[in-house]
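start.cif (mmCIF, C-alpha atoms) appears below.
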data_input
#
loop_
_atom_site.label_atom_id
_atom_site.label_comp_id
_atom_site.auth_asym_id
_atom_site.auth_seq_id
_atom_site.Cartn_x
_atom_site.Cartn_y
_atom_site.Cartn_z
CA MET U 1 -27.12 -91.06 -56.57
CA ILE U 2 -27.33 -89.86 -53.01
CA LEU U 3 -30.30 -88.62 -51.02
CA VAL U 4 -30.00 -85.02 -49.77
CA HIS U 5 -32.40 -82.50 -48.23
CA ARG U 6 -32.99 -78.85 -48.98
CA LEU U 7 -33.14 -76.43 -46.06
CA ASP U 8 -36.96 -76.59 -46.19
CA GLY U 9 -36.75 -80.36 -45.60
CA SER U 10 -37.71 -81.52 -49.08
CA ALA U 11 -35.64 -84.44 -50.31
CA PHE U 12 -34.07 -85.12 -53.68
CA TYR U 13 -31.39 -87.34 -55.18
CA LEU U 14 -28.14 -85.82 -56.36
CA ASN U 15 -25.93 -87.39 -59.01
CA ASP U 16 -22.64 -87.76 -57.20
CA ASP U 17 -20.72 -88.08 -60.49
CA GLN U 18 -21.61 -84.46 -61.27
CA ILE U 19 -20.34 -82.98 -57.99
CA GLU U 20 -17.40 -80.65 -58.50
CA LEU U 21 -17.23 -78.95 -55.11
CA ILE U 22 -18.74 -79.21 -51.63
CA GLU U 23 -18.39 -76.22 -49.30
CA ALA U 24 -19.46 -75.43 -45.75
CA ASN U 25 -19.92 -71.68 -45.31
CA PRO U 26 -21.84 -72.23 -42.88
CA ASP U 27 -24.56 -73.98 -44.90
CA THR U 28 -23.42 -76.85 -47.08
CA VAL U 29 -23.31 -75.81 -50.74
CA VAL U 30 -22.86 -78.43 -53.46
CA THR U 31 -21.66 -77.17 -56.85
CA LEU U 32 -22.13 -79.43 -59.85
CA SER U 33 -19.94 -79.52 -62.94
CA SER U 34 -22.68 -77.49 -64.70
CA GLN U 35 -22.07 -74.74 -62.08
CA ARG U 36 -25.56 -75.28 -60.65
CA LYS U 37 -25.52 -74.95 -56.87
CA TYR U 38 -27.62 -76.62 -54.18
CA VAL U 39 -27.79 -75.68 -50.51
CA VAL U 40 -28.43 -78.81 -48.45
CA ARG U 41 -28.97 -79.69 -44.79
CA GLU U 42 -26.37 -82.45 -44.62
CA PRO U 43 -22.91 -81.59 -43.30
CA VAL U 44 -19.96 -82.06 -45.66
CA ALA U 45 -18.70 -85.15 -43.79
CA ASP U 46 -22.11 -86.84 -44.15
CA LEU U 47 -22.15 -86.15 -47.90
CA VAL U 48 -18.68 -87.61 -48.32
CA GLU U 49 -19.73 -90.71 -46.35
CA ALA U 50 -22.86 -91.09 -48.48
CA ILE U 51 -20.85 -90.82 -51.70
CA VAL U 52 -18.27 -93.37 -50.53
CA ALA U 53 -20.99 -95.80 -49.39
CA TYR U 54 -22.87 -95.45 -52.68
CA ARG U 55 -19.75 -96.03 -54.78
CA ARG U 56 -18.72 -99.03 -52.70
CA ARG U 57 -22.16 -100.53 -53.24
CA ILE U 58 -22.06 -99.90 -57.00
CA PHE U 59 -18.51 -101.16 -57.57
CA ALA U 60 -18.96 -104.19 -55.31
CA ALA U 61 -22.13 -105.30 -57.09
CA GLY U 62 -20.84 -104.95 -60.60
CA PRO U 63 -22.97 -103.74 -63.51
CA HIS U 64 -24.93 -107.01 -63.87
CA LEU U 65 -26.29 -106.88 -60.28
CA ILE U 66 -27.47 -103.27 -60.03
CA ASP U 67 -31.24 -102.78 -59.68
CA ARG U 68 -32.79 -101.25 -62.74
#
Please express what this file holds, its structure, as structure tokens.
Amino acid sequence: MILVHRLDGSAFYLNDDQIELIEANPDTVVTLSSQRKYVVREPVADLVEAIVAYRRRIFAAGPHLIDR
């Protein structure tokens, strides 16, 4: 899961496995596979970097080393 911020500054974690689409028009809009949409402060490039970093951390650790 990645940390993102709504336009009002409130933070929440987004399940990156559910992301179907990320658009910049001009605000960043994240569409999940359920078709639910979130407008977030982070630029598209930052979201992609966060997703890649999270997945690297998960796959490098292996399932037995992930914090529960």
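Remark: residues at most 12 Å from position (-17.2, -89.4, -52.6) in file coordinates are U:Met1, U:Ile2, U:Asn15, U:Asp16, U:Asp17, U:Gln18, U:Ile19, U:Glu20, U:Leu21, U:Ile22, U:Val44, U:Ala45, U:Asp46, U:Leu47, U:Val48, U:Glu49, U:Ala50, U:Ile51, U:Val52, U:Ala53, U:Tyr54, U:Arg55, U:Arg56, using only C-alpha atoms.
For the atom pair formed by CA of Phe12 in chain U and CA of Asp27 in chain U, the distance is 17.1 Å, given to one decimal.
Considering the residues U:Ala11, U:Ile58, U:Val4, U:Val40 and counting all atoms listed in the file, Pro26 in chain U has its shortest atom-to-atom contact with U:Val40.
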Residues selected by the PyMOL selection byres ((chain U and resi 37) around 12), written as a list in words: Arg6, Leu14, Gln18, Ile19, Glu20, Leu21, Ile22, Glu23, Thr28, Val29, Val30, Thr31, Leu32, Ser33, Ser34, Gln35, Arg36, Tyr38, Val39 and Val40 of chain U
Reconstructed range 22-50 of chain U, atom set N, CA and C atoms, as a short mmCIF file (atom, residue, chain, number, x, y, z; two decimals), in the frame of the given file:
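Just written: result.cif:
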data_model
loop_
_atom_site.label_atom_id
_atom_site.label_comp_id
_atom_site.auth_asym_id
_atom_site.auth_seq_id
_atom_site.Cartn_x
_atom_site.Cartn_y
_atom_site.Cartn_z
N ILE U 22 -17.84 -79.26 -52.79
CA ILE U 22 -18.74 -79.21 -51.63
C ILE U 22 -18.11 -78.25 -50.63
N GLU U 23 -18.88 -77.24 -50.22
CA GLU U 23 -18.39 -76.22 -49.30
C GLU U 23 -19.28 -76.14 -48.07
N ALA U 24 -18.69 -75.72 -46.95
CA ALA U 24 -19.46 -75.43 -45.75
C ALA U 24 -19.18 -73.98 -45.38
N ASN U 25 -20.17 -73.11 -45.56
CA ASN U 25 -19.92 -71.68 -45.31
C ASN U 25 -21.16 -70.92 -44.84
N PRO U 26 -21.79 -71.05 -43.74
CA PRO U 26 -21.84 -72.23 -42.88
C PRO U 26 -22.78 -73.31 -43.41
N ASP U 27 -23.72 -72.95 -44.30
CA ASP U 27 -24.56 -73.98 -44.90
C ASP U 27 -23.72 -74.77 -45.90
N THR U 28 -24.13 -76.01 -46.12
CA THR U 28 -23.42 -76.85 -47.08
C THR U 28 -23.93 -76.52 -48.49
N VAL U 29 -22.99 -76.16 -49.36
CA VAL U 29 -23.31 -75.81 -50.74
C VAL U 29 -22.61 -76.81 -51.65
N VAL U 30 -23.39 -77.46 -52.51
CA VAL U 30 -22.86 -78.43 -53.46
C VAL U 30 -22.90 -77.78 -54.84
N THR U 31 -21.75 -77.72 -55.49
CA THR U 31 -21.66 -77.17 -56.85
C THR U 31 -21.43 -78.33 -57.81
N LEU U 32 -22.26 -78.39 -58.84
CA LEU U 32 -22.13 -79.43 -59.85
C LEU U 32 -21.21 -78.96 -60.97
N SER U 33 -20.82 -79.87 -61.83
CA SER U 33 -19.94 -79.52 -62.94
C SER U 33 -20.62 -78.54 -63.91
N SER U 34 -21.94 -78.45 -63.87
CA SER U 34 -22.68 -77.49 -64.70
C SER U 34 -22.71 -76.10 -64.07
N GLN U 35 -22.09 -75.96 -62.89
CA GLN U 35 -22.07 -74.74 -62.08
C GLN U 35 -23.38 -74.49 -61.34
N ARG U 36 -24.32 -75.39 -61.43
CA ARG U 36 -25.56 -75.28 -60.65
C ARG U 36 -25.22 -75.58 -59.20
N LYS U 37 -25.81 -74.82 -58.28
CA LYS U 37 -25.52 -74.95 -56.87
C LYS U 37 -26.76 -75.35 -56.10
N TYR U 38 -26.55 -76.19 -55.07
CA TYR U 38 -27.62 -76.62 -54.18
C TYR U 38 -27.17 -76.40 -52.75
N VAL U 39 -28.04 -75.82 -51.94
CA VAL U 39 -27.79 -75.68 -50.51
C VAL U 39 -28.55 -76.82 -49.84
N VAL U 40 -27.83 -77.62 -49.06
CA VAL U 40 -28.43 -78.81 -48.45
C VAL U 40 -28.21 -78.81 -46.94
N ARG U 41 -29.04 -79.59 -46.25
CA ARG U 41 -28.97 -79.69 -44.79
C ARG U 41 -27.78 -80.52 -44.31
N GLU U 42 -27.40 -81.52 -45.07
CA GLU U 42 -26.37 -82.45 -44.62
C GLU U 42 -25.01 -81.77 -44.49
N PRO U 43 -24.27 -82.10 -43.41
CA PRO U 43 -22.91 -81.59 -43.30
C PRO U 43 -22.00 -82.23 -44.35
N VAL U 44 -20.89 -81.58 -44.64
CA VAL U 44 -19.96 -82.06 -45.66
C VAL U 44 -19.53 -83.49 -45.37
N ALA U 45 -19.17 -83.79 -44.13
CA ALA U 45 -18.70 -85.15 -43.79
C ALA U 45 -19.77 -86.20 -44.09
N ASP U 46 -21.04 -85.89 -43.86
CA ASP U 46 -22.11 -86.84 -44.15
C ASP U 46 -22.25 -87.06 -45.66
N LEU U 47 -22.08 -86.01 -46.44
CA LEU U 47 -22.15 -86.15 -47.90
C LEU U 47 -21.02 -87.03 -48.41
N VAL U 48 -19.83 -86.80 -47.90
CA VAL U 48 -18.68 -87.61 -48.32
C VAL U 48 -18.92 -89.08 -47.96
N GLU U 49 -19.42 -89.34 -46.75
CA GLU U 49 -19.73 -90.71 -46.35
C GLU U 49 -20.78 -91.34 -47.25
N ALA U 50 -21.80 -90.58 -47.61
CA ALA U 50 -22.86 -91.09 -48.48
C ALA U 50 -22.32 -91.43 -49.87
#
